[in-house]
Structure formats: structure tokens, C-alpha cells
$ cat start15.pdb   # PDB, C-alpha atoms, pLDDT in the B column
ATOM      1  CA  MET A   1     100.810  71.048  34.637  1.00 96.00           C
ATOM      2  CA  LYS A   2     100.762  69.673  38.119  1.00 97.00           C
ATOM      3  CA  ALA A   3     100.090  66.227  39.522  1.00 98.00           C
ATOM      4  CA  VAL A   4      99.636  65.295  43.148  1.00 98.00           C
ATOM      5  CA  ILE A   5     100.365  61.595  43.297  1.00 98.00           C
ATOM      6  CA  GLN A   6      99.330  59.424  46.217  1.00 98.00           C
ATOM      7  CA  ARG A   7     100.438  55.850  46.714  1.00 98.00           C
ATOM      8  CA  VAL A   8      97.275  53.906  47.511  1.00 98.00           C
ATOM      9  CA  LEU A   9      96.116  50.448  48.478  1.00 98.00           C
ATOM     10  CA  SER A  10      92.789  51.295  46.834  1.00 98.00           C
ATOM     11  CA  ALA A  11      90.867  54.276  45.504  1.00 98.00           C
ATOM     12  CA  LYS A  12      87.538  54.977  43.880  1.00 98.00           C
ATOM     13  CA  VAL A  13      85.567  57.828  42.361  1.00 98.00           C
ATOM     14  CA  THR A  14      81.823  58.231  42.651  1.00 98.00           C
ATOM     15  CA  VAL A  15      79.563  60.749  40.912  1.00 98.00           C
ATOM     16  CA  ASP A  16      76.019  61.253  42.199  1.00 97.00           C
ATOM     17  CA  GLY A  17      76.383  58.154  44.388  1.00 97.00           C
ATOM     18  CA  THR A  18      77.445  55.903  41.503  1.00 98.00           C
ATOM     19  CA  GLU A  19      80.941  54.433  41.364  1.00 98.00           C
ATOM     20  CA  VAL A  20      82.566  55.384  38.063  1.00 98.00           C
ATOM     21  CA  SER A  21      86.111  54.058  38.634  1.00 98.00           C
ATOM     22  CA  SER A  22      88.102  52.097  41.152  1.00 98.00           C
ATOM     23  CA  ILE A  23      91.582  50.663  41.515  1.00 98.00           C
ATOM     24  CA  GLY A  24      93.455  48.397  43.854  1.00 98.00           C
ATOM     25  CA  LYS A  25      97.103  48.977  44.727  1.00 98.00           C
ATOM     26  CA  GLY A  26      98.700  51.707  42.650  1.00 98.00           C
ATOM     27  CA  VAL A  27      98.589  55.476  42.412  1.00 98.00           C
ATOM     28  CA  LEU A  28      95.895  58.104  42.545  1.00 98.00           C
ATOM     29  CA  ALA A  29      96.981  61.130  40.493  1.00 98.00           C
ATOM     30  CA  PHE A  30      95.170  64.439  40.824  1.00 98.00           C
ATOM     31  CA  VAL A  31      95.994  66.426  37.675  1.00 98.00           C
ATOM     32  CA  GLY A  32      95.736  70.203  37.392  1.00 97.00           C
ATOM     33  CA  ILE A  33      96.268  72.161  34.193  1.00 97.00           C
ATOM     34  CA  SER A  34      97.509  75.745  34.131  1.00 95.00           C
ATOM     35  CA  VAL A  35      96.815  78.450  31.583  1.00 95.00           C
ATOM     36  CA  ASN A  36     100.300  77.996  30.091  1.00 93.00           C
ATOM     37  CA  ASP A  37     100.278  74.220  29.613  1.00 95.00           C
ATOM     38  CA  THR A  38     100.938  72.448  26.331  1.00 95.00           C
ATOM     39  CA  GLU A  39     101.171  68.872  25.085  1.00 95.00           C
ATOM     40  CA  LYS A  40     104.819  68.917  26.205  1.00 95.00           C
ATOM     41  CA  ASP A  41     103.604  69.308  29.794  1.00 96.00           C
ATOM     42  CA  ALA A  42     101.138  66.442  29.337  1.00 97.00           C
ATOM     43  CA  GLU A  43     103.978  64.196  28.135  1.00 97.00           C
ATOM     44  CA  TYR A  44     106.138  65.118  31.129  1.00 96.00           C
ATOM     45  CA  ILE A  45     103.364  64.434  33.643  1.00 98.00           C
ATOM     46  CA  ALA A  46     102.384  61.114  32.034  1.00 98.00           C
ATOM     47  CA  ARG A  47     106.014  59.906  32.110  1.00 97.00           C
ATOM     48  CA  LYS A  48     106.372  60.918  35.756  1.00 97.00           C
ATOM     49  CA  ILE A  49     103.133  59.225  36.818  1.00 98.00           C
ATOM     50  CA  LEU A  50     104.351  55.989  35.247  1.00 98.00           C
ATOM     51  CA  ASN A  51     107.987  56.119  36.325  1.00 98.00           C
ATOM     52  CA  LEU A  52     108.003  57.770  39.746  1.00 98.00           C
ATOM     53  CA  ARG A  53     109.748  55.305  42.083  1.00 98.00           C
ATOM     54  CA  ILE A  54     107.572  55.314  45.186  1.00 98.00           C
ATOM     55  CA  PHE A  55     107.257  51.578  45.851  1.00 98.00           C
ATOM     56  CA  GLU A  56     109.471  49.033  47.564  1.00 97.00           C
ATOM     57  CA  ASP A  57     111.126  46.220  45.676  1.00 96.00           C
ATOM     58  CA  ALA A  58     110.974  42.522  46.625  1.00 95.00           C
ATOM     59  CA  ASN A  59     113.741  43.084  49.200  1.00 97.00           C
ATOM     60  CA  GLN A  60     111.800  45.935  50.879  1.00 96.00           C
ATOM     61  CA  LYS A  61     114.220  48.504  49.483  1.00 97.00           C
ATOM     62  CA  ARG A  62     112.317  51.795  49.547  1.00 96.00           C
ATOM     63  CA  TRP A  63     111.868  54.074  46.544  1.00 97.00           C
ATOM     64  CA  ALA A  64     113.053  51.344  44.164  1.00 98.00           C
ATOM     65  CA  LYS A  65     110.059  50.567  41.925  1.00 98.00           C
ATOM     66  CA  SER A  66     107.541  52.525  39.889  1.00 98.00           C
ATOM     67  CA  THR A  67     103.921  51.858  39.076  1.00 98.00           C
ATOM     68  CA  SER A  68     104.915  50.564  35.656  1.00 97.00           C
ATOM     69  CA  ASP A  69     107.688  48.361  37.120  1.00 98.00           C
ATOM     70  CA  LEU A  70     105.113  46.604  39.288  1.00 98.00           C
ATOM     71  CA  ASN A  71     102.245  46.609  36.771  1.00 98.00           C
ATOM     72  CA  LEU A  72      99.966  48.513  39.161  1.00 98.00           C
ATOM     73  CA  GLU A  73      96.814  50.528  38.514  1.00 98.00           C
ATOM     74  CA  ILE A  74      96.522  54.286  38.026  1.00 98.00           C
ATOM     75  CA  LEU A  75      93.471  56.422  38.788  1.00 98.00           C
ATOM     76  CA  CYS A  76      93.600  59.958  37.364  1.00 98.00           C
ATOM     77  CA  VAL A  77      91.284  62.688  38.596  1.00 98.00           C
ATOM     78  CA  SER A  78      91.160  66.149  37.030  1.00 97.00           C
ATOM     79  CA  GLN A  79      91.460  68.872  39.661  1.00 97.00           C
ATOM     80  CA  PHE A  80      91.571  72.497  38.534  1.00 95.00           C
ATOM     81  CA  THR A  81      91.911  73.686  42.140  1.00 96.00           C
ATOM     82  CA  LEU A  82      95.592  72.676  42.093  1.00 96.00           C
ATOM     83  CA  TYR A  83      96.182  76.001  40.308  1.00 95.00           C
ATOM     84  CA  HIS A  84      94.971  78.522  42.819  1.00 94.00           C
ATOM     85  CA  LYS A  85      96.230  81.618  44.530  1.00 94.00           C
ATOM     86  CA  LEU A  86      94.805  82.708  47.845  1.00 95.00           C
ATOM     87  CA  LYS A  87      93.372  86.191  48.049  1.00 95.00           C
ATOM     88  CA  GLY A  88      92.989  86.454  51.778  1.00 96.00           C
ATOM     89  CA  ASN A  89      91.013  83.354  52.636  1.00 97.00           C
ATOM     90  CA  LYS A  90      89.390  82.937  49.232  1.00 97.00           C
ATOM     91  CA  PRO A  91      90.993  80.863  46.471  1.00 97.00           C
ATOM     92  CA  ASP A  92      91.365  82.460  43.054  1.00 96.00           C
ATOM     93  CA  PHE A  93      91.733  80.123  40.074  1.00 96.00           C
ATOM     94  CA  HIS A  94      92.980  82.417  37.303  1.00 94.00           C
ATOM     95  CA  TYR A  95      96.097  80.231  36.930  1.00 94.00           C
ATOM     96  CA  ALA A  96      93.878  77.256  35.964  1.00 96.00           C
ATOM     97  CA  MET A  97      93.117  76.685  32.296  1.00 96.00           C
ATOM     98  CA  GLY A  98      89.463  76.969  31.281  1.00 96.00           C
ATOM     99  CA  PRO A  99      87.365  73.800  31.061  1.00 96.00           C
ATOM    100  CA  LYS A 100      87.223  73.394  27.260  1.00 96.00           C
ATOM    101  CA  GLU A 101      90.970  73.710  26.729  1.00 96.00           C
ATOM    102  CA  SER A 102      91.975  71.820  29.859  1.00 97.00           C
ATOM    103  CA  LYS A 103      89.742  68.880  28.984  1.00 98.00           C
ATOM    104  CA  ILE A 104      91.744  68.417  25.776  1.00 97.00           C
ATOM    105  CA  LEU A 105      95.062  68.368  27.668  1.00 97.00           C
ATOM    106  CA  TYR A 106      93.699  66.161  30.446  1.00 98.00           C
ATOM    107  CA  GLU A 107      92.511  63.659  27.849  1.00 98.00           C
ATOM    108  CA  LYS A 108      95.978  63.887  26.261  1.00 98.00           C
ATOM    109  CA  VAL A 109      97.494  62.782  29.587  1.00 98.00           C
ATOM    110  CA  LEU A 110      95.104  59.809  29.689  1.00 98.00           C
ATOM    111  CA  THR A 111      95.839  58.900  26.063  1.00 98.00           C
ATOM    112  CA  LEU A 112      99.584  59.042  26.689  1.00 98.00           C
ATOM    113  CA  LEU A 113      99.275  56.865  29.789  1.00 98.00           C
ATOM    114  CA  LYS A 114      97.227  54.306  27.864  1.00 98.00           C
ATOM    115  CA  THR A 115      99.707  54.366  24.986  1.00 98.00           C
ATOM    116  CA  MET A 116     102.809  54.032  27.175  1.00 98.00           C
ATOM    117  CA  TYR A 117     101.271  51.485  29.558  1.00 98.00           C
ATOM    118  CA  ASP A 118      98.528  48.872  29.773  1.00 98.00           C
ATOM    119  CA  PRO A 119      95.306  50.779  28.966  1.00 98.00           C
ATOM    120  CA  LEU A 120      93.286  48.407  31.145  1.00 98.00           C
ATOM    121  CA  LEU A 121      95.227  49.651  34.186  1.00 98.00           C
ATOM    122  CA  ILE A 122      94.403  53.339  33.577  1.00 98.00           C
ATOM    123  CA  LYS A 123      91.174  54.642  35.122  1.00 98.00           C
ATOM    124  CA  ASP A 124      89.802  58.143  35.576  1.00 97.00           C
ATOM    125  CA  GLY A 125      86.971  60.133  37.034  1.00 97.00           C
ATOM    126  CA  VAL A 126      84.470  62.280  35.140  1.00 97.00           C
ATOM    127  CA  PHE A 127      85.993  65.518  33.897  1.00 97.00           C
ATOM    128  CA  GLY A 128      84.166  68.562  35.261  1.00 95.00           C
ATOM    129  CA  ALA A 129      81.839  66.563  37.516  1.00 97.00           C
ATOM    130  CA  HIS A 130      81.472  66.929  41.258  1.00 97.00           C
ATOM    131  CA  MET A 131      83.369  63.785  42.262  1.00 98.00           C
ATOM    132  CA  CYS A 132      83.752  62.044  45.574  1.00 98.00           C
ATOM    133  CA  VAL A 133      87.168  60.428  45.824  1.00 98.00           C
ATOM    134  CA  GLN A 134      87.763  57.758  48.410  1.00 98.00           C
ATOM    135  CA  LEU A 135      91.209  56.327  49.014  1.00 98.00           C
ATOM    136  CA  GLU A 136      93.229  54.168  51.312  1.00 98.00           C
ATOM    137  CA  ASN A 137      96.599  55.894  51.376  1.00 97.00           C
ATOM    138  CA  ASP A 138      99.674  53.643  51.558  1.00 97.00           C
ATOM    139  CA  GLY A 139     102.373  55.124  53.770  1.00 96.00           C
ATOM    140  CA  PRO A 140     101.114  57.779  53.439  1.00 96.00           C
ATOM    141  CA  VAL A 141     103.153  58.810  50.406  1.00 98.00           C
ATOM    142  CA  THR A 142     102.157  61.957  48.543  1.00 98.00           C
ATOM    143  CA  ILE A 143     104.390  63.490  45.867  1.00 98.00           C
ATOM    144  CA  GLU A 144     103.732  66.716  43.975  1.00 97.00           C
ATOM    145  CA  ILE A 145     105.121  67.080  40.454  1.00 96.00           C
ATOM    146  CA  GLU A 146     104.996  70.150  38.270  1.00 95.00           C
ATOM    147  CA  SER A 147     106.146  70.399  34.673  1.00 93.00           C
ATOM    148  CA  ASN A 148     109.027  72.760  33.953  1.00 76.00           C
ATOM    149  CA  THR A 149     107.145  74.766  31.337  1.00 63.00           C
ATOM    150  CA  VAL A 150     104.675  76.006  33.922  1.00 52.00           C
ATOM    151  CA  ARG A 151     107.319  77.018  36.425  1.00 54.00           C
ATOM    152  CA  GLU A 152     109.377  78.818  33.774  1.00 58.00           C
ATOM    153  CA  ASN A 153     106.382  80.706  32.348  1.00 55.00           C
ATOM    154  CA  LEU A 154     105.160  81.798  35.770  1.00 54.00           C
ATOM    155  CA  LYS A 155     108.668  82.732  36.898  1.00 56.00           C
ATOM    156  CA  ASP A 156     109.074  84.923  33.806  1.00 52.00           C
ATOM    157  CA  SER A 157     105.887  86.774  34.697  1.00 53.00           C
ATOM    158  CA  ASN A 158     106.932  87.092  38.377  1.00 51.00           C
ATOM    159  CA  GLU A 159     103.731  85.283  39.383  1.00 53.00           C
ATOM    160  CA  VAL A 160     104.989  81.992  40.812  1.00 47.00           C
ATOM    161  CA  PRO A 161     102.162  80.726  43.008  1.00 47.00           C
TER     162      PRO A 161
END
$ encode --input "start15.pdb" --output "C-alpha cells"
Amino acid sequence: MKAVIQRVLSAKVTVDGTEVSSIGKGVLAFVGISVNDTEKDAEYIARKILNLRIFEDANQKRWAKSTSDLNLEILCVSQFTLYHKLKGNKPDFHYAMGPKESKILYEKVLTLLKTMYDPLLIKDGVFGAHMCVQLENDGPVTIEIESNTVRENLKDSNEVP
């Protein structure tokens, strides 16, 4: 499982011109699910989203506080395109888990976040929809996280993307 986490001042998701979610200061996490992912990967990604220290503390010390330390908002957006391989100039998505199975794991990430944190501070887009994501990046700070299970499984098959 992979998450691309962006520190934001604000972010929102719209579907068909209608706003479905928005947050103020916090993180926007794009979450991709690979064919090899399990609930263990969902747990790892949820913990990292909550505990990644990408914010300053009260003394402006960088990389000192996490989203959960500061009680900030989280907007999760499912994004299967994180698991791609380029074939020439065309992306191939055979590393991405299919929609039925990945929806279950994506919802597991959301459930874990809401269980480990304030559920009112967790927002998400619409799984499988064509979403427009608007954000005001803070920094900019963008961090990519990938669960170990995925890397190990792909390494074993000699297909690390």
C-alpha cells in the first residue's frame, strides 16, 4: 500500500461539481492499493498518516509534530494510479488491486484512522468516482510512504516498480 501525503492549508474534493469533502490545515493523503496488500498494510499506512512528523512545533522547530499531535484534519483520496508501470508512454496498472477488493482495504484504512483518531477529523472522497481535488499545499511538503509488505512481495518477484 502506498500513500502520498501532502501537508496542506486546505483541500477539498468535488464530484460532478458538488463538494463532497473539505478540510482546513492538515494532510491530504492519496492512497493506492497494490495487488499484494493486506490488512497489515492498511494498519501501517493509517499509523503513518497519523504519526508522520511533518509540522513545526510552537517554537518553529521543523519536523517535530504530527497531524495527531496537533489535532489537525485528514482528507483521504483513493488513487489506484499510484500503482502503475510505464510501458513506453502509457501507464499500465496491473500492480493495482481491482476495485472490489481495494475498496474493502481502502475502507479499512478509513476505519482505522477513525478508530485511532477523532472520526470527525477524517474526511474522504468518493471511491471509484472521477474526483477533482483542490489543495493549497503548505511548504510544499510531499512525502511518499509505502508499506513493507508490498516492497518485499514485489522484490521477491523481481518486479519492483
$ atom_distance --input "start15.pdb" --atom1 "atom CA of Phe30 of chain A" --atom2 "atom CA of Leu75 of chain A"
8.4 Å
$ atom_distance --input "start15.pdb" --atom1 "atom CA of Leu112 of chain A" --atom2 "atom CA of Leu50 of chain A"
10.3 Å
$ resolve_selection --input "start15.pdb" --expression "the PyMOL selection byres ((chain A and resi 85-95) around 9)" --output "MDAnalysis selection string"
chainID A and resid 33:36 80:84 96:98 161
$ closest_residue --input "start15.pdb" --among "A:Thr38, A:Ser78, A:Tyr117, A:Ile143" --to "Lys103 of chain A" --atoms "all atoms listed in the file"
A:Ser78
$ axis_aligned_box --input "start15.pdb" --around "segment 38-56 of chain A" --padding-each-side "4 Å" --output "lines of an AutoDock Vina configuration file"
center_x = 105.3
center_y = 60.7
center_z = 36.3
size_x = 16.8
size_y = 31.4
size_z = 30.5
$ build_atoms --input "start15.pdb" --residues "segment 75-86 of chain A" --atoms "all heavy atoms" --output "PDB file, keeping the file's coordinate frame"
ATOM      1  N   LEU A  75      94.746  55.710  38.849  1.00 98.00           N
ATOM      2  CA  LEU A  75      93.471  56.422  38.788  1.00 98.00           C
ATOM      3  C   LEU A  75      93.780  57.908  38.687  1.00 98.00           C
ATOM      4  O   LEU A  75      94.404  58.480  39.584  1.00 98.00           O
ATOM      5  CB  LEU A  75      92.626  56.134  40.039  1.00 98.00           C
ATOM      6  CG  LEU A  75      91.313  56.901  40.187  1.00 98.00           C
ATOM      7  CD1 LEU A  75      90.387  56.689  38.998  1.00 98.00           C
ATOM      8  CD2 LEU A  75      90.615  56.519  41.489  1.00 98.00           C
ATOM      9  N   CYS A  76      93.401  58.522  37.581  1.00 98.00           N
ATOM     10  CA  CYS A  76      93.600  59.958  37.364  1.00 98.00           C
ATOM     11  C   CYS A  76      92.304  60.706  37.631  1.00 98.00           C
ATOM     12  O   CYS A  76      91.234  60.250  37.216  1.00 98.00           O
ATOM     13  CB  CYS A  76      94.040  60.225  35.932  1.00 98.00           C
ATOM     14  SG  CYS A  76      95.702  59.701  35.564  1.00 98.00           S
ATOM     15  N   VAL A  77      92.430  61.844  38.289  1.00 98.00           N
ATOM     16  CA  VAL A  77      91.284  62.688  38.596  1.00 98.00           C
ATOM     17  C   VAL A  77      91.662  64.121  38.246  1.00 98.00           C
ATOM     18  O   VAL A  77      92.669  64.637  38.752  1.00 98.00           O
ATOM     19  CB  VAL A  77      90.896  62.584  40.082  1.00 98.00           C
ATOM     20  CG1 VAL A  77      89.778  63.555  40.428  1.00 98.00           C
ATOM     21  CG2 VAL A  77      90.509  61.156  40.445  1.00 98.00           C
ATOM     22  N   SER A  78      90.892  64.754  37.372  1.00 97.00           N
ATOM     23  CA  SER A  78      91.160  66.149  37.030  1.00 97.00           C
ATOM     24  C   SER A  78      90.819  67.023  38.237  1.00 97.00           C
ATOM     25  O   SER A  78      89.818  66.799  38.915  1.00 97.00           O
ATOM     26  CB  SER A  78      90.343  66.570  35.815  1.00 97.00           C
ATOM     27  OG  SER A  78      88.966  66.476  36.091  1.00 97.00           O
ATOM     28  N   GLN A  79      91.691  68.014  38.500  1.00 97.00           N
ATOM     29  CA  GLN A  79      91.460  68.872  39.661  1.00 97.00           C
ATOM     30  C   GLN A  79      92.007  70.267  39.387  1.00 97.00           C
ATOM     31  O   GLN A  79      93.177  70.556  39.637  1.00 97.00           O
ATOM     32  CB  GLN A  79      92.108  68.274  40.917  1.00 97.00           C
ATOM     33  CG  GLN A  79      91.724  69.031  42.158  1.00 97.00           C
ATOM     34  CD  GLN A  79      92.181  68.364  43.431  1.00 97.00           C
ATOM     35  OE1 GLN A  79      92.689  67.264  43.438  1.00 97.00           O
ATOM     36  NE2 GLN A  79      91.996  69.063  44.530  1.00 97.00           N
ATOM     37  N   PHE A  80      91.145  71.138  38.875  1.00 95.00           N
ATOM     38  CA  PHE A  80      91.571  72.497  38.534  1.00 95.00           C
ATOM     39  C   PHE A  80      92.023  73.284  39.753  1.00 95.00           C
ATOM     40  O   PHE A  80      92.810  74.229  39.634  1.00 95.00           O
ATOM     41  CB  PHE A  80      90.464  73.243  37.767  1.00 95.00           C
ATOM     42  CG  PHE A  80      89.366  73.783  38.633  1.00 95.00           C
ATOM     43  CD1 PHE A  80      89.407  75.079  39.115  1.00 95.00           C
ATOM     44  CD2 PHE A  80      88.266  72.984  38.964  1.00 95.00           C
ATOM     45  CE1 PHE A  80      88.384  75.579  39.904  1.00 95.00           C
ATOM     46  CE2 PHE A  80      87.248  73.469  39.748  1.00 95.00           C
ATOM     47  CZ  PHE A  80      87.308  74.770  40.221  1.00 95.00           C
ATOM     48  N   THR A  81      91.577  72.913  40.943  1.00 96.00           N
ATOM     49  CA  THR A  81      91.911  73.686  42.140  1.00 96.00           C
ATOM     50  C   THR A  81      93.393  73.596  42.509  1.00 96.00           C
ATOM     51  O   THR A  81      93.844  74.343  43.374  1.00 96.00           O
ATOM     52  CB  THR A  81      91.053  73.242  43.344  1.00 96.00           C
ATOM     53  OG1 THR A  81      91.323  71.868  43.622  1.00 96.00           O
ATOM     54  CG2 THR A  81      89.577  73.448  43.079  1.00 96.00           C
ATOM     55  N   LEU A  82      94.148  72.723  41.840  1.00 96.00           N
ATOM     56  CA  LEU A  82      95.592  72.676  42.093  1.00 96.00           C
ATOM     57  C   LEU A  82      96.264  73.980  41.665  1.00 96.00           C
ATOM     58  O   LEU A  82      97.338  74.315  42.151  1.00 96.00           O
ATOM     59  CB  LEU A  82      96.240  71.494  41.378  1.00 96.00           C
ATOM     60  CG  LEU A  82      95.854  70.115  41.877  1.00 96.00           C
ATOM     61  CD1 LEU A  82      96.534  69.034  41.046  1.00 96.00           C
ATOM     62  CD2 LEU A  82      96.203  69.942  43.347  1.00 96.00           C
ATOM     63  N   TYR A  83      95.640  74.702  40.729  1.00 95.00           N
ATOM     64  CA  TYR A  83      96.182  76.001  40.308  1.00 95.00           C
ATOM     65  C   TYR A  83      95.336  77.115  40.891  1.00 95.00           C
ATOM     66  O   TYR A  83      94.393  77.599  40.278  1.00 95.00           O
ATOM     67  CB  TYR A  83      96.273  76.091  38.773  1.00 95.00           C
ATOM     68  CG  TYR A  83      97.505  75.386  38.305  1.00 95.00           C
ATOM     69  CD1 TYR A  83      97.434  74.137  37.714  1.00 95.00           C
ATOM     70  CD2 TYR A  83      98.768  75.939  38.522  1.00 95.00           C
ATOM     71  CE1 TYR A  83      98.578  73.469  37.327  1.00 95.00           C
ATOM     72  CE2 TYR A  83      99.915  75.276  38.142  1.00 95.00           C
ATOM     73  CZ  TYR A  83      99.815  74.047  37.547  1.00 95.00           C
ATOM     74  OH  TYR A  83     100.951  73.382  37.177  1.00 95.00           O
ATOM     75  N   HIS A  84      95.684  77.478  42.099  1.00 94.00           N
ATOM     76  CA  HIS A  84      94.971  78.522  42.819  1.00 94.00           C
ATOM     77  C   HIS A  84      95.978  79.510  43.399  1.00 94.00           C
ATOM     78  O   HIS A  84      97.174  79.233  43.483  1.00 94.00           O
ATOM     79  CB  HIS A  84      94.150  77.926  43.969  1.00 94.00           C
ATOM     80  CG  HIS A  84      95.037  77.435  45.073  1.00 94.00           C
ATOM     81  ND1 HIS A  84      95.686  76.222  44.995  1.00 94.00           N
ATOM     82  CD2 HIS A  84      95.416  78.008  46.246  1.00 94.00           C
ATOM     83  CE1 HIS A  84      96.423  76.063  46.096  1.00 94.00           C
ATOM     84  NE2 HIS A  84      96.278  77.127  46.854  1.00 94.00           N
ATOM     85  N   LYS A  85      95.478  80.628  43.770  1.00 94.00           N
ATOM     86  CA  LYS A  85      96.230  81.618  44.530  1.00 94.00           C
ATOM     87  C   LYS A  85      95.253  82.139  45.571  1.00 94.00           C
ATOM     88  O   LYS A  85      94.105  82.436  45.242  1.00 94.00           O
ATOM     89  CB  LYS A  85      96.706  82.744  43.626  1.00 94.00           C
ATOM     90  CG  LYS A  85      97.513  83.796  44.357  1.00 94.00           C
ATOM     91  CD  LYS A  85      98.021  84.841  43.384  1.00 94.00           C
ATOM     92  CE  LYS A  85      98.877  85.841  44.140  1.00 94.00           C
ATOM     93  NZ  LYS A  85      99.459  86.830  43.230  1.00 94.00           N
ATOM     94  N   LEU A  86      95.700  82.203  46.811  1.00 95.00           N
ATOM     95  CA  LEU A  86      94.805  82.708  47.845  1.00 95.00           C
ATOM     96  C   LEU A  86      94.783  84.223  47.833  1.00 95.00           C
ATOM     97  O   LEU A  86      95.813  84.880  47.763  1.00 95.00           O
ATOM     98  CB  LEU A  86      95.250  82.216  49.226  1.00 95.00           C
ATOM     99  CG  LEU A  86      95.048  80.732  49.494  1.00 95.00           C
ATOM    100  CD1 LEU A  86      95.549  80.383  50.898  1.00 95.00           C
ATOM    101  CD2 LEU A  86      93.593  80.338  49.346  1.00 95.00           C
TER     102      LEU A  86
END
